[in-house]
>>> print(open('input.txt').read())   # compact mmCIF, C-alpha atoms
# COMPACT_ATOMS: atom_id res chain seq x y z
CA MET A 1 25.64 -34.55 47.19
CA LYS A 2 24.56 -37.64 45.35
CA THR A 3 26.53 -39.02 42.45
CA ASP A 4 23.29 -39.36 40.47
CA GLU A 5 22.79 -35.60 40.62
CA LEU A 6 26.31 -35.04 39.42
CA ILE A 7 25.66 -37.36 36.51
CA THR A 8 22.63 -35.29 35.54
CA TRP A 9 24.81 -32.19 35.34
CA LEU A 10 27.44 -33.96 33.34
CA ALA A 11 24.90 -35.43 30.91
CA ALA A 12 23.46 -31.95 30.39
CA ASP A 13 26.87 -30.94 29.01
CA ALA A 14 26.88 -33.65 26.33
CA ALA A 15 27.82 -31.37 23.47
CA PRO A 16 29.43 -33.13 20.50
CA VAL A 17 33.18 -33.51 20.95
CA PRO A 18 35.43 -32.95 17.92
CA PRO A 19 37.64 -35.97 17.27
CA ARG A 20 41.47 -36.09 17.42
CA ALA A 21 41.76 -33.05 19.68
CA ALA A 22 45.35 -33.78 20.75
CA SER A 23 47.01 -33.85 17.34
CA ARG A 24 44.82 -31.04 16.03
CA ARG A 25 45.62 -28.69 18.90
CA LEU A 26 49.31 -29.54 18.79
CA ALA A 27 49.50 -28.97 15.04
CA LEU A 28 47.71 -25.65 15.45
CA ALA A 29 50.08 -24.62 18.25
CA LEU A 30 53.07 -25.46 16.05
CA ALA A 31 51.61 -23.53 13.14
CA VAL A 32 51.59 -20.47 15.39
CA ALA A 33 54.88 -21.04 17.24
CA LEU A 34 57.13 -22.09 14.36
CA PRO A 35 56.79 -18.77 12.50
CA VAL A 36 57.57 -16.97 15.77
CA SER A 37 60.79 -19.00 16.13
CA LEU A 38 61.71 -18.24 12.54
CA ALA A 39 60.97 -14.55 13.05
CA VAL A 40 63.22 -14.45 16.14
CA MET A 41 66.00 -16.09 14.14
CA LEU A 42 65.59 -13.75 11.17
CA ALA A 43 65.34 -10.62 13.29
CA ALA A 44 68.05 -11.31 15.85
CA TYR A 45 70.45 -13.49 13.84
CA GLY A 46 69.67 -13.72 10.12
CA VAL A 47 70.27 -16.73 7.90
CA ARG A 48 73.85 -17.55 7.03
CA ARG A 49 74.95 -15.45 4.09
CA ASP A 50 76.07 -18.43 2.02
CA LEU A 51 72.78 -20.31 2.52
CA GLY A 52 72.43 -20.98 -1.20
CA VAL A 53 75.86 -22.61 -1.38
CA ALA A 54 75.44 -24.41 1.96
CA MET A 55 72.27 -26.06 0.71
CA GLY A 56 74.44 -28.10 -1.61
CA TRP A 57 76.36 -29.67 1.29
CA PRO A 58 75.14 -32.94 2.87
CA MET A 59 76.30 -31.88 6.34
CA PHE A 60 74.09 -28.79 6.18
CA TRP A 61 71.09 -31.05 5.69
CA VAL A 62 72.20 -33.39 8.47
CA LYS A 63 72.31 -30.36 10.75
CA VAL A 64 68.86 -29.13 9.74
CA LEU A 65 67.11 -32.48 9.47
CA PHE A 66 68.30 -34.48 12.47
CA PRO A 67 66.68 -32.07 14.97
CA ALA A 68 63.63 -31.86 12.70
CA CYS A 69 63.30 -35.67 12.79
CA MET A 70 63.55 -35.58 16.58
CA ALA A 71 60.84 -32.93 16.68
CA LEU A 72 58.62 -35.03 14.44
CA ALA A 73 58.98 -38.09 16.68
CA ALA A 74 58.44 -35.90 19.75
CA PHE A 75 55.26 -34.51 18.18
CA VAL A 76 53.87 -38.04 17.99
CA ALA A 77 55.05 -38.77 21.54
CA VAL A 78 53.50 -35.58 22.97
CA GLN A 79 50.09 -36.14 21.43
CA ARG A 80 50.14 -39.72 22.74
CA LEU A 81 51.30 -38.72 26.22
CA ALA A 82 48.52 -36.12 26.25
CA ARG A 83 45.92 -38.90 26.14
CA PRO A 84 45.38 -41.26 29.09
CA GLY A 85 46.07 -44.92 28.50
CA VAL A 86 47.90 -44.48 25.17
CA ARG A 87 51.36 -46.02 24.84
CA VAL A 88 54.13 -44.00 23.23
CA GLY A 89 55.50 -47.12 21.55
CA ALA A 90 57.83 -46.82 18.56
CA ALA A 91 57.94 -43.03 18.82
CA TRP A 92 60.63 -43.43 21.49
CA LEU A 93 62.80 -45.28 19.01
CA ALA A 94 62.21 -42.66 16.32
CA LEU A 95 63.18 -40.03 18.86
CA VAL A 96 66.48 -41.66 19.82
CA ALA A 97 67.50 -42.82 16.33
CA PRO A 98 68.59 -39.38 15.00
CA VAL A 99 70.76 -38.85 18.09
CA ALA A 100 72.38 -42.26 17.66
CA LEU A 101 73.01 -41.51 14.00
CA VAL A 102 74.71 -38.17 14.71
CA TRP A 103 76.79 -39.72 17.48
CA VAL A 104 77.98 -42.52 15.21
CA LEU A 105 78.84 -39.97 12.54
CA ALA A 106 80.66 -37.79 15.08
CA LEU A 107 82.63 -40.73 16.42
CA ALA A 108 83.67 -41.79 12.93
CA VAL A 109 84.87 -38.27 12.08
CA TRP A 110 86.57 -37.92 15.46
CA ILE A 111 88.50 -41.16 15.11
CA GLY A 112 89.58 -40.30 11.59
CA ALA A 113 90.80 -36.83 12.57
CA SER A 114 94.29 -35.88 13.74
CA GLU A 115 94.90 -34.59 17.26
CA ALA A 116 95.30 -31.09 15.88
CA GLN A 117 91.99 -31.05 14.04
CA ARG A 118 89.87 -32.25 16.94
CA PRO A 119 89.43 -29.10 19.06
CA ALA A 120 87.99 -27.19 16.08
CA MET A 121 85.50 -30.02 15.46
CA LEU A 122 84.30 -29.99 19.03
CA TRP A 123 84.28 -26.28 19.88
CA GLY A 124 83.86 -24.75 16.43
CA VAL A 125 83.77 -20.96 16.62
CA SER A 126 80.31 -20.58 18.13
CA TRP A 127 79.90 -23.05 21.00
CA ARG A 128 79.39 -20.19 23.43
CA ILE A 129 76.20 -18.97 21.79
CA CYS A 130 74.88 -22.31 20.49
CA ALA A 131 72.90 -23.56 23.49
CA GLY A 132 71.49 -20.16 24.40
CA SER A 133 70.37 -19.51 20.85
CA ILE A 134 68.70 -22.89 20.46
CA VAL A 135 66.88 -22.47 23.76
CA LEU A 136 65.73 -19.01 22.66
CA MET A 137 64.33 -20.36 19.41
CA ALA A 138 62.79 -23.32 21.20
CA ALA A 139 60.94 -21.06 23.65
CA PRO A 140 57.88 -20.22 21.51
CA VAL A 141 57.30 -23.89 20.65
CA PHE A 142 57.89 -24.93 24.26
CA VAL A 143 55.28 -22.50 25.57
CA ALA A 144 52.81 -23.57 22.89
CA ALA A 145 53.32 -27.31 23.46
CA MET A 146 53.02 -26.98 27.24
CA GLY A 147 49.86 -24.93 26.70
CA VAL A 148 48.37 -27.74 24.62
CA LEU A 149 49.36 -30.34 27.23
CA ARG A 150 47.65 -28.26 29.91
CA SER A 151 44.41 -28.54 27.98
CA MET A 152 44.79 -32.31 27.74
CA ALA A 153 45.23 -35.08 30.33
CA PRO A 154 48.85 -36.27 30.62
CA THR A 155 49.02 -38.99 33.27
CA ARG A 156 52.83 -38.94 33.19
CA PRO A 157 53.54 -35.21 33.48
CA ALA A 158 57.35 -35.36 33.72
CA LEU A 159 57.57 -37.53 30.63
CA ALA A 160 55.05 -35.40 28.75
CA GLY A 161 57.01 -32.26 29.69
CA ALA A 162 60.25 -33.86 28.49
CA ALA A 163 58.66 -34.84 25.17
CA ALA A 164 57.38 -31.27 24.76
CA GLY A 165 60.97 -30.17 25.46
CA VAL A 166 62.37 -32.40 22.71
CA LEU A 167 59.71 -31.11 20.32
CA ALA A 168 60.62 -27.51 21.14
CA GLY A 169 64.37 -28.16 21.24
CA GLY A 170 64.25 -30.00 17.93
CA VAL A 171 62.38 -27.19 16.22
CA GLY A 172 64.66 -24.60 17.86
CA ALA A 173 67.83 -26.40 16.71
CA SER A 174 66.47 -26.84 13.20
CA VAL A 175 65.67 -23.14 12.96
CA TYR A 176 69.02 -22.10 14.46
CA ALA A 177 70.77 -24.39 11.93
CA LEU A 178 69.77 -21.95 9.17
CA HIS A 179 71.99 -19.33 10.83
CA CYS A 180 74.75 -21.46 12.36
CA MET A 181 78.05 -21.80 10.46
CA GLU A 182 79.25 -25.02 12.10
CA LEU A 183 79.37 -28.20 10.06
CA ALA A 184 81.41 -30.70 12.08
CA ALA A 185 79.50 -33.73 13.33
CA PRO A 186 81.17 -33.71 16.78
CA PHE A 187 79.93 -30.14 17.29
CA LEU A 188 76.37 -31.21 16.50
CA ALA A 189 76.66 -34.34 18.65
CA VAL A 190 77.63 -32.29 21.70
CA TRP A 191 76.11 -28.82 21.36
CA TYR A 192 72.97 -29.46 19.34
CA VAL A 193 72.07 -32.67 21.14
CA GLY A 194 73.02 -31.06 24.48
CA SER A 195 70.80 -28.03 23.82
CA ILE A 196 67.82 -30.19 22.92
CA ALA A 197 68.45 -32.30 26.05
CA LEU A 198 68.52 -29.11 28.10
CA VAL A 199 65.05 -28.09 26.93
CA ALA A 200 63.85 -31.67 27.54
CA LEU A 201 65.18 -31.51 31.12
CA LEU A 202 63.42 -28.20 31.64
CA GLY A 203 60.19 -29.79 30.42
CA ALA A 204 60.65 -32.78 32.73
CA ALA A 205 61.22 -30.44 35.67
CA LEU A 206 58.24 -28.19 34.91
CA GLY A 207 55.87 -30.99 33.86
CA PRO A 208 54.82 -32.19 37.32
CA ARG A 209 54.17 -28.58 38.38
CA LEU A 210 52.42 -27.23 35.30
CA LEU A 211 50.60 -30.26 33.97
CA ARG A 212 48.46 -31.32 36.94
CA TRP A 213 44.78 -31.73 36.25
CA MET F 1 27.71 -51.94 49.63
CA LYS F 2 26.40 -54.37 47.10
CA ARG F 3 29.10 -55.54 44.78
CA THR F 4 29.05 -57.72 41.76
CA THR F 5 32.14 -59.13 40.22
CA SER F 6 32.10 -60.42 36.71
CA GLY F 7 35.69 -60.78 35.69
CA SER F 8 35.42 -63.46 33.04
CA PRO F 9 37.21 -62.43 29.84
CA GLN F 10 34.01 -62.51 27.81
CA ALA F 11 32.13 -60.40 30.35
CA LEU F 12 34.93 -57.81 30.28
CA LEU F 13 34.84 -57.69 26.49
CA ASP F 14 31.07 -57.23 26.57
CA THR F 15 31.37 -54.44 29.11
CA GLU F 16 34.05 -52.70 27.05
CA ALA F 17 31.93 -52.99 23.89
CA ALA F 18 28.73 -51.77 25.56
CA LEU F 19 30.38 -48.82 27.32
CA HIS F 20 32.39 -47.92 24.24
CA ASP F 21 29.21 -47.78 22.18
CA LEU F 22 27.43 -45.55 24.72
CA PHE F 23 30.43 -43.26 25.12
CA VAL F 24 30.98 -42.81 21.38
CA ARG F 25 27.31 -41.93 20.99
CA GLY F 26 27.66 -39.51 23.88
CA GLN F 27 30.70 -37.93 22.20
CA ALA F 28 28.49 -37.33 19.17
CA GLY F 29 26.05 -35.39 21.36
CA ASP F 30 23.54 -38.10 22.39
CA ALA F 31 22.77 -37.01 25.96
CA ALA F 32 20.66 -40.07 26.85
CA ALA F 33 23.40 -42.49 25.78
CA TYR F 34 25.94 -40.38 27.62
CA ARG F 35 23.85 -40.50 30.78
CA ASP F 36 23.61 -44.30 30.58
CA PHE F 37 27.33 -44.43 30.06
CA LEU F 38 28.03 -42.28 33.14
CA VAL F 39 25.71 -44.34 35.36
CA ARG F 40 27.38 -47.60 34.38
CA LEU F 41 30.84 -46.06 34.51
CA ALA F 42 30.16 -44.76 38.03
CA ALA F 43 29.26 -48.27 39.21
CA HIS F 44 32.46 -49.72 37.77
CA LEU F 45 34.56 -46.93 39.21
CA ARG F 46 32.95 -47.48 42.61
CA GLY F 47 33.89 -51.14 42.49
CA PHE F 48 37.42 -50.48 41.27
CA LEU F 49 38.18 -47.59 43.63
CA GLY F 50 36.61 -49.48 46.52
CA ARG F 51 39.19 -52.23 46.02
CA ARG F 52 42.02 -49.73 45.56
CA LEU F 53 41.14 -47.58 48.57
CA PHE F 54 40.07 -50.19 51.07
CA GLY F 55 42.02 -48.31 53.74
CA TRP F 56 39.94 -45.19 53.15
CA PRO F 57 36.34 -46.31 52.49
CA ASP F 58 35.04 -42.80 53.19
CA ASP F 59 36.98 -41.40 50.27
CA VAL F 60 35.62 -43.78 47.67
CA GLU F 61 32.52 -41.83 46.65
CA ASP F 62 34.39 -38.53 46.58
CA LEU F 63 36.91 -40.05 44.25
CA VAL F 64 34.19 -41.61 42.09
CA GLN F 65 32.74 -38.14 41.63
CA GLU F 66 36.12 -36.59 40.99
CA CYS F 67 36.92 -39.24 38.37
CA LEU F 68 33.55 -38.68 36.69
CA ILE F 69 34.14 -34.93 36.45
CA ALA F 70 37.72 -35.47 35.25
CA MET F 71 36.60 -37.95 32.60
CA HIS F 72 33.85 -35.62 31.52
CA ASN F 73 36.13 -32.58 31.28
CA GLN F 74 38.80 -34.59 29.49
CA ARG F 75 36.57 -36.60 27.19
CA HIS F 76 38.14 -34.87 24.18
CA THR F 77 41.33 -36.83 24.98
CA TYR F 78 39.58 -40.10 24.10
CA GLN F 79 39.81 -41.42 20.57
CA SER F 80 37.29 -44.02 19.55
CA ASP F 81 39.99 -46.32 18.12
CA GLN F 82 41.47 -46.74 21.60
CA PRO F 83 40.26 -49.33 24.16
CA LEU F 84 37.98 -47.48 26.57
CA THR F 85 39.26 -49.74 29.38
CA ALA F 86 42.78 -48.31 28.99
CA TRP F 87 41.57 -44.71 29.02
CA VAL F 88 39.32 -45.13 32.06
CA HIS F 89 41.95 -47.11 33.95
CA ALA F 90 44.71 -44.55 33.28
CA ILE F 91 42.56 -41.68 34.60
CA ALA F 92 41.30 -43.62 37.64
CA ARG F 93 44.84 -44.66 38.52
CA TYR F 94 46.10 -41.08 38.10
CA LYS F 95 43.42 -39.84 40.48
CA VAL F 96 44.13 -42.59 43.03
CA ILE F 97 47.81 -41.64 43.09
CA ASP F 98 46.88 -37.97 43.34
CA LEU F 99 44.64 -38.66 46.33
CA LEU F 100 47.16 -40.85 48.15
CA ARG F 101 49.86 -38.24 47.57
CA ALA F 102 47.62 -35.53 48.99
CA LYS F 103 47.14 -37.71 52.06
CA GLY F 104 50.92 -37.92 52.34
CA SER F 105 50.64 -41.65 52.04
CA ARG F 106 53.72 -43.61 51.15
CA GLU F 107 51.45 -45.93 49.21
CA ALA F 108 51.26 -43.32 46.47
CA ARG F 109 54.63 -44.57 45.29
CA HIS F 110 53.50 -48.18 45.28
CA VAL F 111 50.17 -48.09 43.51
CA PRO F 112 50.37 -51.36 41.66
CA LEU F 113 50.49 -51.33 37.89
CA ASP F 114 47.51 -53.62 37.84
CA ASP F 115 45.91 -55.10 34.80
CA GLU F 116 43.92 -52.41 33.01
CA LEU F 117 41.03 -54.80 32.60
CA GLU F 118 40.46 -54.68 36.33
CA VAL F 119 38.71 -51.36 36.07
CA PHE F 120 35.60 -52.96 34.56
CA ALA F 121 35.90 -56.23 36.48
CA GLY F 122 33.39 -55.32 39.14
CA SER F 123 30.65 -52.87 39.78
CA ALA F 124 28.92 -51.45 42.82
CA ILE F 125 25.55 -49.84 42.25
CA GLU F 126 24.85 -48.53 45.71
CA ALA F 127 26.66 -45.34 46.48
CA SER F 128 27.65 -44.38 49.97
CA ASP F 129 27.38 -40.67 50.67
CA ALA F 130 30.12 -38.48 49.39
CA ARG F 131 31.84 -36.49 52.10
CA ARG F 132 32.73 -33.59 49.93
CA ASP F 133 29.80 -31.24 49.44
CA LEU F 134 29.78 -30.51 45.72
CA GLY F 135 26.65 -28.42 46.23
CA GLY F 136 28.60 -26.20 48.63
CA LEU F 137 31.46 -25.87 46.18
CA LEU F 138 28.96 -25.05 43.48
CA ALA F 139 27.60 -22.18 45.57
CA GLY F 140 30.99 -20.51 45.27
CA LEU F 141 30.76 -20.29 41.49
CA PRO F 142 29.56 -17.14 39.70
CA ASP F 143 25.85 -17.08 38.75
CA ARG F 144 26.41 -17.49 35.03
CA HIS F 145 28.01 -20.89 35.74
CA ARG F 146 26.00 -21.88 38.77
CA LEU F 147 22.45 -21.14 37.64
CA PRO F 148 22.42 -23.29 34.50
CA ILE F 149 23.83 -26.24 36.46
CA VAL F 150 21.41 -25.79 39.35
CA HIS F 151 18.34 -25.49 37.13
CA VAL F 152 19.19 -28.40 34.89
CA LYS F 153 19.84 -30.51 37.94
CA LEU F 154 17.30 -29.60 40.58
CA GLU F 155 14.21 -29.49 38.50
CA GLY F 156 15.36 -31.86 35.82
CA LEU F 157 14.81 -29.17 33.25
CA SER F 158 15.97 -29.44 29.68
CA ILE F 159 18.46 -26.91 28.35
CA ALA F 160 15.64 -25.02 26.65
CA GLU F 161 13.59 -24.80 29.86
CA ALA F 162 16.61 -23.83 31.93
CA ALA F 163 17.29 -21.07 29.40
CA ARG F 164 13.77 -19.72 29.80
CA LYS F 165 13.96 -19.95 33.57
CA THR F 166 17.28 -18.14 33.88
CA GLY F 167 16.63 -15.66 31.09
CA MET F 168 19.84 -16.79 29.41
CA SER F 169 20.13 -17.94 25.82
CA GLU F 170 20.34 -21.69 25.21
CA SER F 171 23.92 -21.45 24.07
CA ALA F 172 24.76 -19.37 27.15
CA VAL F 173 23.25 -22.11 29.33
CA LYS F 174 25.34 -24.73 27.56
CA VAL F 175 28.51 -22.67 27.86
CA GLY F 176 27.66 -21.94 31.50
CA ILE F 177 27.32 -25.63 32.34
CA HIS F 178 30.48 -26.45 30.45
CA ARG F 179 32.63 -23.77 32.09
CA GLY F 180 30.98 -24.39 35.45
CA LEU F 181 32.03 -28.03 35.47
CA LYS F 182 35.62 -27.03 34.68
CA ALA F 183 35.54 -24.47 37.47
CA LEU F 184 34.10 -27.09 39.82
CA MET F 185 37.10 -29.32 39.15
CA LEU F 186 39.44 -26.48 40.10
CA LYS F 187 37.48 -25.97 43.33
CA ILE F 188 37.84 -29.66 44.13
CA ARG F 189 41.58 -29.38 43.64
CA GLU F 190 41.72 -26.38 45.97
CA THR F 191 39.97 -28.23 48.77
CA ARG F 192 42.66 -30.88 48.84
>>> encode(input="input.txt", output="structure tokens")
Amino acid sequence: MKTDELITWLAADAAPVPPRAASRRLALALAVALPVSLAVMLAAYGVRRDLGVAMGWPMFWVKVLFPACMALAAFVAVQRLARPGVRVGAAWLALVAPVALVWVLALAVWIGASEAQRPAMLWGVSWRICAGSIVLMAAPVFVAAMGVLRSMAPTRPALAGAAAGVLAGGVGASVYALHCMELAAPFLAVWYVGSIALVALLGAALGPRLLRW
Amino acid sequence: MKRTTSGSPQALLDTEAALHDLFVRGQAGDAAAYRDFLVRLAAHLRGFLGRRLFGWPDDVEDLVQECLIAMHNQRHTYQSDQPLTAWVHAIARYKVIDLLRAKGSREARHVPLDDELEVFAGSAIEASDARRDLGGLLAGLPDRHRLPIVHVKLEGLSIAEAARKTGMSESAVKVGIHRGLKALMLKIRETR
């Protein structure tokens, strides 16, 4: 089998290629998966009853927006990791910054609190269901993002899987935040960040197996 | 194997610019430009992989072919604002590591993070024979994928002629070639 023959076959398949496939496919996948996550939340959990009131509280928005910011940065990272020879660059920083911010906030609140107040800040009333719920709501986005990565060419599969995990975990946490009653920063710093990290670890573990090409 | 090395910075820039131009035209559907691109790319890959795999000279041409198919199947992952050198190098390096790992070589963990520019630094026109029989692998594909590829190749037919010859529509021939090349890549993976 001569390489020249192979080249003839390949050249015969020179159909026009649509540009920016990675970001387009990922955006499309999100457009499908995000409503599914929301539907799971609405059907199985429901939004918190005082949502209207809660929307006036800054901490509510911290809770909704910090995972959303992580997801946004992870979106950029995933579509870069999906393409050979592209550096992730500043997206890493944008991905870590929200976590750092929440941790600083949590530490400040923790230090200012009395010994008696601290357990409630850390455990809240719902720590038992937090991680499981976030993972559940992350699942549709995780499947969609891994599906997109499988159609692309990630040369660092573990990293690409982890970034897909942060994207999914971030979206999942943001969606779950509409139901969750917790407001203490230490709770978010441990349970929200931990849940997103869990999905990222899952992605890193599955990446090398699922993303070979 | 005849090798030329032309690693001066200006020569590398010229190569990048020329290949980039051909590839971008190919991405827009220009089959002749795409063919030129693949021929030149193959020569550079042969030179690069030959240096990388000097312990396994028999594997070089197989890997050249595998890289060509991979780059073809993944050409939607290239964006024209990105240096072509970086894209080609990342894929070639990925495939080298994949091959060494399949051989159980400890070198897979030590593939040097060489300068990306190296991938276009040399070229080798003369191909040694590939060991893997792509024709044999092709025979295992279903007719709707195999026939368009075989006709376009063997007799140098155009898509239109291949369509007439196989009794398929032109778009079916195109889809057949497209899917067939993806399926071929899977077959290659299975033979590892």
>>> residues_around(input="input.txt", residues="range 162-170 of chain F", least_positions_apart="6", cutoff="7 Å", atoms="only C-alpha atoms", output="CSV table (one decimal) with C-alpha atoms, in the frame of the given file")
chain,number,residue,atom,x,y,z
F,148,PRO,CA,22.4,-23.3,34.5
F,151,HIS,CA,18.3,-25.5,37.1
F,152,VAL,CA,19.2,-28.4,34.9
>>> closest_residue(input="input.txt", among="F:Leu12, F:Leu137, F:Ile91, F:Leu22", to="chain A", atoms="only C-alpha atoms")
F:Ile91
>>> closest_residue(input="input.txt", among="A:Val86, A:Met55, A:Ala74, A:Ala43", to="chain F", atoms="all atoms listed in the file")
A:Val86
>>> interface_residues(input="input.txt", of="chain A", to="chain F", cutoff="10 Å", atoms="only C-alpha atoms", output="number ranges by chain")
A: 1-23, 79-80, 82-87, 151-156, 212-213
>>> residues_around(input="input.txt", residues="Gly147 in chain A", least_positions_apart="4", cutoff="10 Å", atoms="only C-alpha atoms", output="list in words")
Arg25, Leu26, Ala29, Val141, Phe142, Val143, Ser151, Met152, Leu210 and Leu211 of chain A
>>> residues_around(input="input.txt", residues="range 121-125 of chain F", least_positions_apart="4", cutoff="12 Å", atoms="only C-alpha atoms", output="PyMOL selection string")
(chain A and resi 3-4) or (chain F and resi 1-16+39-51+60-61+64+85+89+114-117)
>>> atom_distance(input="input.txt", atom1="CA of Ile188 in chain F", atom2="CA of Leu149 in chain A")
20.5 Å
>>> residues_around(input="input.txt", residues="Pro98 in chain A", least_positions_apart="2", cutoff="8 Å", atoms="all atoms listed in the file", output="ChimeraX atom specification")
/A:66-67,69-70,94-96,100-102
>>> atom_distance(input="input.txt", atom1="CA of Leu93 in chain A", atom2="CA of Ala138 in chain A")
22.1 Å
>>> atom_distance(input="input.txt", atom1="CA of Gly194 in chain A", atom2="CA of Trp92 in chain A")
17.8 Å
>>> residues_around(input="input.txt", residues="Ala163 in chain A", least_positions_apart="6", cutoff="8 Å", atoms="only C-alpha atoms", output="PyMOL selection string")
chain A and resi 74-75+77-78+200+203
>>> residues_near_point(input="input.txt", point="(72.3, -22.8, 22.5)", cutoff="12 Å", atoms="all atoms listed in the file", output="PyMOL selection string")
chain A and resi 126-139+169-170+172-177+180+187-188+190-199
>>> write_last_selection(input="input.txt", atoms="C-alpha atoms", output="PDB file, keeping the file's coordinate frame")
ATOM      1  CA  SER A 126      80.310 -20.580  18.130  1.00  0.00           C
ATOM      2  CA  TRP A 127      79.900 -23.050  21.000  1.00  0.00           C
ATOM      3  CA  ARG A 128      79.390 -20.190  23.430  1.00  0.00           C
ATOM      4  CA  ILE A 129      76.200 -18.970  21.790  1.00  0.00           C
ATOM      5  CA  CYS A 130      74.880 -22.310  20.490  1.00  0.00           C
ATOM      6  CA  ALA A 131      72.900 -23.560  23.490  1.00  0.00           C
ATOM      7  CA  GLY A 132      71.490 -20.160  24.400  1.00  0.00           C
ATOM      8  CA  SER A 133      70.370 -19.510  20.850  1.00  0.00           C
ATOM      9  CA  ILE A 134      68.700 -22.890  20.460  1.00  0.00           C
ATOM     10  CA  VAL A 135      66.880 -22.470  23.760  1.00  0.00           C
ATOM     11  CA  LEU A 136      65.730 -19.010  22.660  1.00  0.00           C
ATOM     12  CA  MET A 137      64.330 -20.360  19.410  1.00  0.00           C
ATOM     13  CA  ALA A 138      62.790 -23.320  21.200  1.00  0.00           C
ATOM     14  CA  ALA A 139      60.940 -21.060  23.650  1.00  0.00           C
ATOM     15  CA  GLY A 169      64.370 -28.160  21.240  1.00  0.00           C
ATOM     16  CA  GLY A 170      64.250 -30.000  17.930  1.00  0.00           C
ATOM     17  CA  GLY A 172      64.660 -24.600  17.860  1.00  0.00           C
ATOM     18  CA  ALA A 173      67.830 -26.400  16.710  1.00  0.00           C
ATOM     19  CA  SER A 174      66.470 -26.840  13.200  1.00  0.00           C
ATOM     20  CA  VAL A 175      65.670 -23.140  12.960  1.00  0.00           C
ATOM     21  CA  TYR A 176      69.020 -22.100  14.460  1.00  0.00           C
ATOM     22  CA  ALA A 177      70.770 -24.390  11.930  1.00  0.00           C
ATOM     23  CA  CYS A 180      74.750 -21.460  12.360  1.00  0.00           C
ATOM     24  CA  PHE A 187      79.930 -30.140  17.290  1.00  0.00           C
ATOM     25  CA  LEU A 188      76.370 -31.210  16.500  1.00  0.00           C
ATOM     26  CA  VAL A 190      77.630 -32.290  21.700  1.00  0.00           C
ATOM     27  CA  TRP A 191      76.110 -28.820  21.360  1.00  0.00           C
ATOM     28  CA  TYR A 192      72.970 -29.460  19.340  1.00  0.00           C
ATOM     29  CA  VAL A 193      72.070 -32.670  21.140  1.00  0.00           C
ATOM     30  CA  GLY A 194      73.020 -31.060  24.480  1.00  0.00           C
ATOM     31  CA  SER A 195      70.800 -28.030  23.820  1.00  0.00           C
ATOM     32  CA  ILE A 196      67.820 -30.190  22.920  1.00  0.00           C
ATOM     33  CA  ALA A 197      68.450 -32.300  26.050  1.00  0.00           C
ATOM     34  CA  LEU A 198      68.520 -29.110  28.100  1.00  0.00           C
ATOM     35  CA  VAL A 199      65.050 -28.090  26.930  1.00  0.00           C
TER      36      VAL A 199
END
>>> closest_residue(input="input.txt", among="A:Leu202, A:Ala97, A:Ala91, A:Leu183", to="Ala120 in chain A", atoms="all atoms listed in the file")
A:Leu183
>>> closest_residue(input="input.txt", among="F:Phe120, F:Lys182, F:Pro142, F:Thr191", to="His20 in chain F", atoms="all atoms listed in the file")
F:Phe120
>>> decode(input="input.txt", residues="range 110-138 of chain A", atoms="C-alpha atoms", output="short mmCIF file (atom, residue, chain, number, x, y, z; two decimals), in the first residue's frame")
data_model
loop_
_atom_site.label_atom_id
_atom_site.label_comp_id
_atom_site.auth_asym_id
_atom_site.auth_seq_id
_atom_site.Cartn_x
_atom_site.Cartn_y
_atom_site.Cartn_z
CA TRP A 110 -14.94 31.47 59.31
CA ILE A 111 -12.41 33.58 61.18
CA GLY A 112 -15.03 36.15 62.10
CA ALA A 113 -17.46 33.53 63.41
CA SER A 114 -17.70 32.20 66.96
CA GLU A 115 -16.93 28.57 67.76
CA ALA A 116 -20.64 27.89 68.13
CA GLN A 117 -21.59 29.27 64.73
CA ARG A 118 -19.00 27.36 62.75
CA PRO A 119 -20.54 23.87 62.44
CA ALA A 120 -23.71 25.31 60.89
CA MET A 121 -21.61 27.22 58.33
CA LEU A 122 -19.73 24.13 57.31
CA TRP A 123 -22.41 21.44 57.37
CA GLY A 124 -25.53 23.52 56.80
CA VAL A 125 -28.64 21.35 56.76
CA SER A 126 -28.11 19.70 53.39
CA TRP A 127 -24.48 18.57 53.08
CA ARG A 128 -25.60 14.97 52.73
CA ILE A 129 -27.46 15.56 49.48
CA CYS A 130 -25.31 18.37 48.06
CA ALA A 131 -22.62 16.41 46.21
CA GLY A 132 -25.00 13.76 44.88
CA SER A 133 -27.42 16.37 43.60
CA ILE A 134 -24.74 18.42 41.88
CA VAL A 135 -23.31 15.32 40.22
CA LEU A 136 -26.81 14.35 39.06
CA MET A 137 -27.37 17.76 37.49
CA ALA A 138 -23.89 17.74 36.00
#
